[in-house]
Amino acid sequence: MASPADDAAKSAAMPSSQGQKAQLADDEDMDPTQYFENRVKSLDAQKAAGINPYPHKFFVTLSIPEYIQKYGVLNNGDHLEDVQVSIAGRIMSKRASSSKLFFYDLHGEGVKVQVMADARTSELDEAEFSKFHASVKRGDIVGVTGFPGKTKRGELSIFPKSFVVLSHCLHMMPRQKPGVAAASENANKGEVWVPGSTRNPELYILKDQETRYRQRYLDLMLNTEVREIFRTRSKIIQYIRRFLDNLGFLEVETPMMNMIPGGAAARPFVTYHNDLNMKLYMRIAPELYLKELVVGGLDRVYEIGKLFRNEGIDLTHNPEFTSCEFYMAFADYNDLMEMTEKLLSGMVKELTGGYVIKFHANGLDKEPIEIDFTPPYRRIDMIEELEKMANLSIPQDLASEETTQYLINACAKYDVKCPPPQTTTRLLDKLVGHFLEETCVNPAFIINHPEIMSPLAKWHRSKPGLTERFELFVNKHELCNAYTELNDPIVQRQRFAEQLKDRQSGDDEAMALDETFCTALEYGLPPTGGWGMGIDRLTMMLTDSQNIKEVLLFPAMKPQDEPTTTPAKA
Amino acid sequence: MMMEGVKIWSQSSQQLKQILQLNLNSNLWLFPRWKPRRFVSCASSTTSRKQSPSSTSDKEAVRSLRIKKVEELRSKGCEPYAYKWDRSHSASQLQLDYEHLSSGEEATHDYVSVAGRIMGRRAFGKLAFLTLRDDSGTIQLYCEKDKLSQLEFDNLKSLVDIGDILGATGTLKRTEKGELSVRVTSFAILTKSLLPLPDKYHGLTDVDKRYRQRQVKVPYITSYFCLLPDIHPDAVLAIQIISEIRKTVESLGFVEVETPVLQGAAGGAEARPFVTFHNSLERDLYLRIATELHLKRMLVGGFEKVYEIGRIFRNEGLSTRHNPEFTTIELYEAYSDYDSMMVMVEEIVTRCALVAQGKLTIEYQGTTISLERPWRRETMHNLVKEASGIDFNMFGDELEAAKKVTMKTLGNNLEEKDKFAIDKCPSVGHVLNEVFEIVVEPKLLQPTFVLDYPIEVSPLAKPHRSSVGLTERFELFICGRELANAFSELTDPIDQRLRLEEQVRQHNKKKQLEAAHKDDKSEDNSYEVALDEDFLTALEYGMPPASGMGLGIDRLVMLLTNSASIRDVIAFPVLKVQN
């Protein structure tokens, strides 16, 4: 049976409708501060009259996705008047056809359904109805109880008997610009964004980056894709967990506050424990603790958690970020390369449906590139390949002064910049960046790093001066770092001593010695493969994000002059 | 602490010099390609077991002896730090697969390969038994002189020690005594240990050291694997408990999110935060003391069910219940209230209990606890009345009356610090809460939901729908300890602002009072509390009615593993600096 209101629906849905224009004019013309004050006043009035404007509980019978799944199959014009359901969500659009008929878009869990509020189906009388619906604003969170149905034009709707505002949006919600309406409407309908495909934040309803990152909730509310980015992030972590759990790994937690910041070379955050009267450092890597656990007999452990580095903030760096590290007794870096291929290709396949993803590596205005995760991945022997590509012949003894000078000359020859201190490690790093990393668009392993670059990796079983280490590069960025772990305590102490030398020559990112860790090694660490991966970088890759802030819910931001009490601008 | 750091550096470089002398040419070696199978070995040994590792000089002696063994192995072309070992079976898998072998029986055609740490050995002339422990359990290695060459046998007699990590291959045999064993045909040292394992029975006296060197001495997370086979593997239990929590909430549709640890203002609880400094932003940052305010922003953003299992940091003293960093789960659900959160906690805790103990009646430090549902639910007012006879309903807003009656009724049983705390209370609600903590909390052994806290002590909870002055909040107590805290979330931004402002005012008042009484050390409130304006703005955009809950995971694990101290359930607890 068709409702007489259907005809009205047609006209109300048209943007040119008189009613809508009047409604918009009301809100849009108002000064944001005025708007806020008006809304607070109306709440005060309700409270004064003994009405609680923030009800404690609304019984939801179906979530909006469930509602759509259940009643999406109705035929056009069908109305199930005998059925009563309660749904709740946020109003993202309001259109008034007349004082007796209002249309709302109700959003929840990333999808939306239409609410068609008709005075004739409402429990309220006509005057109350008009007055009530005039007070409902875009952005309010409401609970609706009524019957399901589809309009003649096929729009799934709910026809409310009762309609309650559960929470009020006191600010004017940023509104989408007419120009991009069509594009974002597409994003809202049918075309659901999937991981591995491209995105264009330029077309978002809320575009301003500062607002998006500082008030992430607005970003999530208004830009439907953003929600999918964070769901993807959650799925990536779930996939890794499942992958490792299935191999018998145990997830553990190691301290985030350390007395010595070990396991990596980076500037740590310092804090102070009052009661213990003790300086503590935020961890820069969980590596040493995890290896101590392997010493203790946990053969396969991993930790997914936050790391902290006191560095500048840029497109790929945030002071806190998430990594996964795992340690596997009796495995070496060859095993780990295979595992890496399996993990990444399997994950990309599950999340995107294929092995090839699209990524705007050169900016949004350029064509996206394709990155192919089909295994196996290329393996590049670092020194061998560098010598070949740059036509060099690096001296055998990498620790010598001669080598340092040779590399300084090589950098000068190719105009590769290396700011001081010009240690062999840093010079090599720059050359590798210039010649090798640049070639790694599809996933590729750069392997067998020199000992001087890898104080925690085991010497190579057949190549003197090198280690059994790999880094995985994708789109020219490092994604994983792994090695056969150095487990000879004597050699480990020696390597720390060399790091100390680098520190003294001005490289404050050289690694510090951790006595507890060295003692643990003396009890015997089994042959072990260790592996780390940046979760944020991987998420960036799979969500076509060029900025790490896109994949962090609350990225670190520079302090603002004034707090964000003013309403957001679109 | 600066001094401490310097000391570590200078000390270590001295030690390094010694080591470098011992090993002058170690970095010049060309390492032969390692073939594990070539390195066949066995151990007889009648020598090693007598050493007592307790004194430092003995330990140093053992260490230098073993470093010589490392060199000797290398001089024979055997790398004492192997790269890899292919295992075919874990110890427990073998025990399971060959359960059918009867004593004396052999499976001569099944070649298997195992690896693990040598935990013990016995030798009888031409025969040696080694106990090999991996992370699943133990298996015996049965080594016969006949199966190995004379040279190998002699070499390894002197080179293998208890504590070494070995790989072994061979066939299977159950000994006459019924012990399943790998009859070793080849055998390699994978990692040479330099330090003697602490003695099983005498090494555990130094409790502090036990925690410090977790990897070898602690019954909790790891060491029982290699050292204390009698102690139940609580570590794995702890991990399984967390995994069960995750499974439970994910099966209910909750999405895991990660919110920041470093924050501009530390909100969501009342506690002294850690402060750090971000160099390039040139500003102080605080380590989070709760995840609450950021998770609520997610509800504003349209997520309806979110959770985070994460690390929380509080700058407090250490105790059996407090470590400066600990783990909680907080979860938030739109359109639900604190009633549904009670069901949620019951569900999570009972599921975890079943995973940990397989039953709902558990022992904790001598007390029997029944986790059978439903758990007792009682209001704070009634519990206080029951325990003290004081009916706080009769006081209304009359603070002085409340204090007077409390002092008169309880006065004789109160300690000085309690009296002082009551005297300082700024509201009737605070007095009620104080009395609750003193007289009721320690008695709540069986699971109890304490309901409807006073509004003055619950700045983030929604006012009670029917009782004025109270909130819709509960805390779960088991064994006298708070395990969970939950409320119908306050969604009214105006009310929220007033309450947080009041909290700041109260805090500053306490701070002033303390500044005036410097000798009082009972509490330290000298830190700053700031309003989280961004959170208040988020609420102004509208948060759906919701309830949220925080559950201390370490405390839950303590309860379910019958551990007396939080240090037993954290892999690397913070300890006082050693002198």
# chains A, B, ... in the order shown; residues from 1 in each chain; ligands from 1

call {"tool": "select_by_dssp", "arguments": {"residues": "stretch 34-193 of chain B", "states": "alpha helix (DSSP H)", "output": "VMD selection string"}}
result
chain B and resid 56 to 75 91 to 97 150 to 159

call {"tool": "residues_around", "arguments": {"residues": "stretch 348-360 of chain A", "least_positions_apart": "2", "cutoff": "9 Å", "atoms": "only C-alpha atoms", "output": "JSON, numbers by chain"}}
result
{"A": [194, 195, 196, 197, 198, 199, 232, 235, 236, 239, 343, 344, 345, 346, 362, 363, 364, 365, 366, 367, 368, 369, 370, 371, 372, 373, 374, 375, 475, 541, 542, 543, 544, 545, 546]}

call {"tool": "select_by_dssp", "arguments": {"residues": "stretch 118-323 of chain A", "states": "strand (DSSP E)", "output": "MDAnalysis selection string"}}
result
chainID A and resid 118 141:150 156:167 250:251 257:258 270:273 278:282 300:308 320:323

call {"tool": "closest_residue", "arguments": {"among": "B:Ser64, B:Gln95, B:Ser103, B:Thr276", "to": "chain A", "atoms": "only C-alpha atoms"}}
result
B:Thr276

call {"tool": "residues_around", "arguments": {"residues": "stretch 446-454 of chain B", "least_positions_apart": "5", "cutoff": "6 Å", "atoms": "only C-alpha atoms", "output": "ChimeraX atom specification"}}
result
/B:369,375-380,429,470-478

call {"tool": "closest_residue", "arguments": {"among": "B:Glu528, B:Asp391, B:Glu489, B:Glu372", "to": "chain A", "atoms": "only C-alpha atoms"}}
result
B:Glu489

call {"tool": "residues_around", "arguments": {"residues": "A:Met259", "least_positions_apart": "6", "cutoff": "8 Å", "atoms": "only C-alpha atoms", "output": "list in words"}}
result
Lys279, Leu280 and Tyr281 of chain A

call {"tool": "residues_around", "arguments": {"residues": "stretch 170-172 of chain A", "least_positions_apart": "5", "cutoff": "7 Å", "atoms": "only C-alpha atoms", "output": "ChimeraX atom specification"}}
result
/A:32,35-36,39-40,567 /B:540-541

call {"tool": "residues_around", "arguments": {"residues": "B:Glu502", "least_positions_apart": "5", "cutoff": "12 Å", "atoms": "only C-alpha atoms", "output": "count of residues only"}}
result
17

call {"tool": "closest_residue", "arguments": {"among": "B:Asn323, B:Ser158, B:Thr131, B:Asn382", "to": "chain A", "atoms": "only C-alpha atoms"}}
result
B:Asn323

call {"tool": "residues_around", "arguments": {"residues": "B:Leu299", "least_positions_apart": "3", "cutoff": "12 Å", "atoms": "only C-alpha atoms", "output": "VMD selection string"}}
result
(chain A and resid 89 to 90 108 to 109 141 167 216 to 218 220 to 221 227) or (chain B and resid 254 to 255 257 292 to 296 302 to 307 331 to 335 489 491 535 538 to 539 541 to 548)

call {"tool": "closest_residue", "arguments": {"among": "A:Gln405, A:Asn334, A:Ser135, A:Ser130", "to": "chain B", "atoms": "only C-alpha atoms"}}
result
A:Asn334

call {"tool": "atom_distance", "arguments": {"atom1": "atom CA of A:Glu550", "atom2": "atom CA of A:Arg175"}}
result
21.1 Å

call {"tool": "atom_distance", "arguments": {"atom1": "atom CA of B:Asp97", "atom2": "atom CA of B:Tyr142"}}
result
18.0 Å

call {"tool": "atom_distance", "arguments": {"atom1": "atom CA of A:Thr340", "atom2": "atom CA of A:Phe326"}}
result
11.4 Å

call {"tool": "closest_residue", "arguments": {"among": "B:Val62, B:Leu444, B:Leu432, B:Ile494", "to": "chain A", "atoms": "only C-alpha atoms"}}
result
B:Ile494

call {"tool": "closest_residue", "arguments": {"among": "B:Arg288, B:Lys126, B:Lys419, B:Arg311", "to": "chain A", "atoms": "only C-alpha atoms"}}
result
B:Arg311

call {"tool": "decode", "arguments": {"residues": "stretch 510-527 of chain A", "atoms": "N, CA, C and O atoms", "output": "mmCIF file, in the first residue's frame"}}
result
data_model
loop_
_atom_site.group_PDB
_atom_site.id
_atom_site.type_symbol
_atom_site.label_atom_id
_atom_site.label_comp_id
_atom_site.auth_asym_id
_atom_site.auth_seq_id
_atom_site.Cartn_x
_atom_site.Cartn_y
_atom_site.Cartn_z
ATOM 1 N N ALA A 510 73.454 6.774 17.830
ATOM 2 C CA ALA A 510 74.076 5.460 17.997
ATOM 3 C C ALA A 510 73.474 4.772 19.215
ATOM 4 O O ALA A 510 72.962 5.416 20.121
ATOM 5 N N MET A 511 73.529 3.447 19.205
ATOM 6 C CA MET A 511 72.800 2.672 20.211
ATOM 7 C C MET A 511 73.498 2.604 21.572
ATOM 8 O O MET A 511 74.714 2.535 21.644
ATOM 9 N N ALA A 512 72.697 2.602 22.634
ATOM 10 C CA ALA A 512 73.261 2.532 23.984
ATOM 11 C C ALA A 512 73.362 1.073 24.435
ATOM 12 O O ALA A 512 72.614 0.216 23.978
ATOM 13 N N LEU A 513 74.302 0.825 25.328
ATOM 14 C CA LEU A 513 74.503 -0.529 25.838
ATOM 15 C C LEU A 513 73.497 -0.828 26.946
ATOM 16 O O LEU A 513 73.254 -0.007 27.808
ATOM 17 N N ASP A 514 72.913 -2.003 26.874
ATOM 18 C CA ASP A 514 71.987 -2.423 27.908
ATOM 19 C C ASP A 514 72.585 -3.648 28.591
ATOM 20 O O ASP A 514 72.625 -4.733 28.022
ATOM 21 N N GLU A 515 73.069 -3.423 29.805
ATOM 22 C CA GLU A 515 73.797 -4.468 30.520
ATOM 23 C C GLU A 515 72.897 -5.681 30.801
ATOM 24 O O GLU A 515 73.311 -6.828 30.655
ATOM 25 N N THR A 516 71.651 -5.399 31.185
ATOM 26 C CA THR A 516 70.718 -6.501 31.472
ATOM 27 C C THR A 516 70.554 -7.391 30.246
ATOM 28 O O THR A 516 70.498 -8.612 30.340
ATOM 29 N N PHE A 517 70.482 -6.749 29.093
ATOM 30 C CA PHE A 517 70.316 -7.501 27.854
ATOM 31 C C PHE A 517 71.544 -8.359 27.572
ATOM 32 O O PHE A 517 71.432 -9.535 27.217
ATOM 33 N N CYS A 518 72.725 -7.781 27.759
ATOM 34 C CA CYS A 518 73.950 -8.546 27.506
ATOM 35 C C CYS A 518 74.039 -9.743 28.447
ATOM 36 O O CYS A 518 74.448 -10.829 28.046
ATOM 37 N N THR A 519 73.645 -9.528 29.701
ATOM 38 C CA THR A 519 73.646 -10.644 30.652
ATOM 39 C C THR A 519 72.686 -11.733 30.184
ATOM 40 O O THR A 519 73.014 -12.924 30.234
ATOM 41 N N ALA A 520 71.524 -11.317 29.704
ATOM 42 C CA ALA A 520 70.552 -12.299 29.210
ATOM 43 C C ALA A 520 71.184 -13.139 28.100
ATOM 44 O O ALA A 520 71.035 -14.362 28.073
ATOM 45 N N LEU A 521 71.906 -12.469 27.186
ATOM 46 C CA LEU A 521 72.540 -13.215 26.086
ATOM 47 C C LEU A 521 73.536 -14.232 26.622
ATOM 48 O O LEU A 521 73.749 -15.284 26.025
ATOM 49 N N GLU A 522 74.151 -13.916 27.749
ATOM 50 C CA GLU A 522 75.139 -14.840 28.308
ATOM 51 C C GLU A 522 74.500 -16.117 28.837
ATOM 52 O O GLU A 522 75.159 -17.137 28.984
ATOM 53 N N TYR A 523 73.202 -16.055 29.129
ATOM 54 C CA TYR A 523 72.490 -17.276 29.493
ATOM 55 C C TYR A 523 72.115 -18.089 28.252
ATOM 56 O O TYR A 523 71.634 -19.201 28.364
ATOM 57 N N GLY A 524 72.297 -17.476 27.067
ATOM 58 C CA GLY A 524 72.060 -18.202 25.832
ATOM 59 C C GLY A 524 70.746 -17.886 25.162
ATOM 60 O O GLY A 524 69.682 -18.252 25.646
ATOM 61 N N LEU A 525 70.848 -17.170 24.042
ATOM 62 C CA LEU A 525 69.669 -16.939 23.182
ATOM 63 C C LEU A 525 69.754 -17.954 22.057
ATOM 64 O O LEU A 525 70.776 -18.046 21.386
ATOM 65 N N PRO A 526 68.727 -18.762 21.851
ATOM 66 C CA PRO A 526 68.790 -19.729 20.751
ATOM 67 C C PRO A 526 68.951 -18.998 19.414
ATOM 68 O O PRO A 526 68.699 -17.803 19.342
ATOM 69 N N PRO A 527 69.370 -19.702 18.376
ATOM 70 C CA PRO A 527 69.371 -19.063 17.059
ATOM 71 C C PRO A 527 67.971 -18.529 16.811
ATOM 72 O O PRO A 527 67.001 -19.267 16.970
#
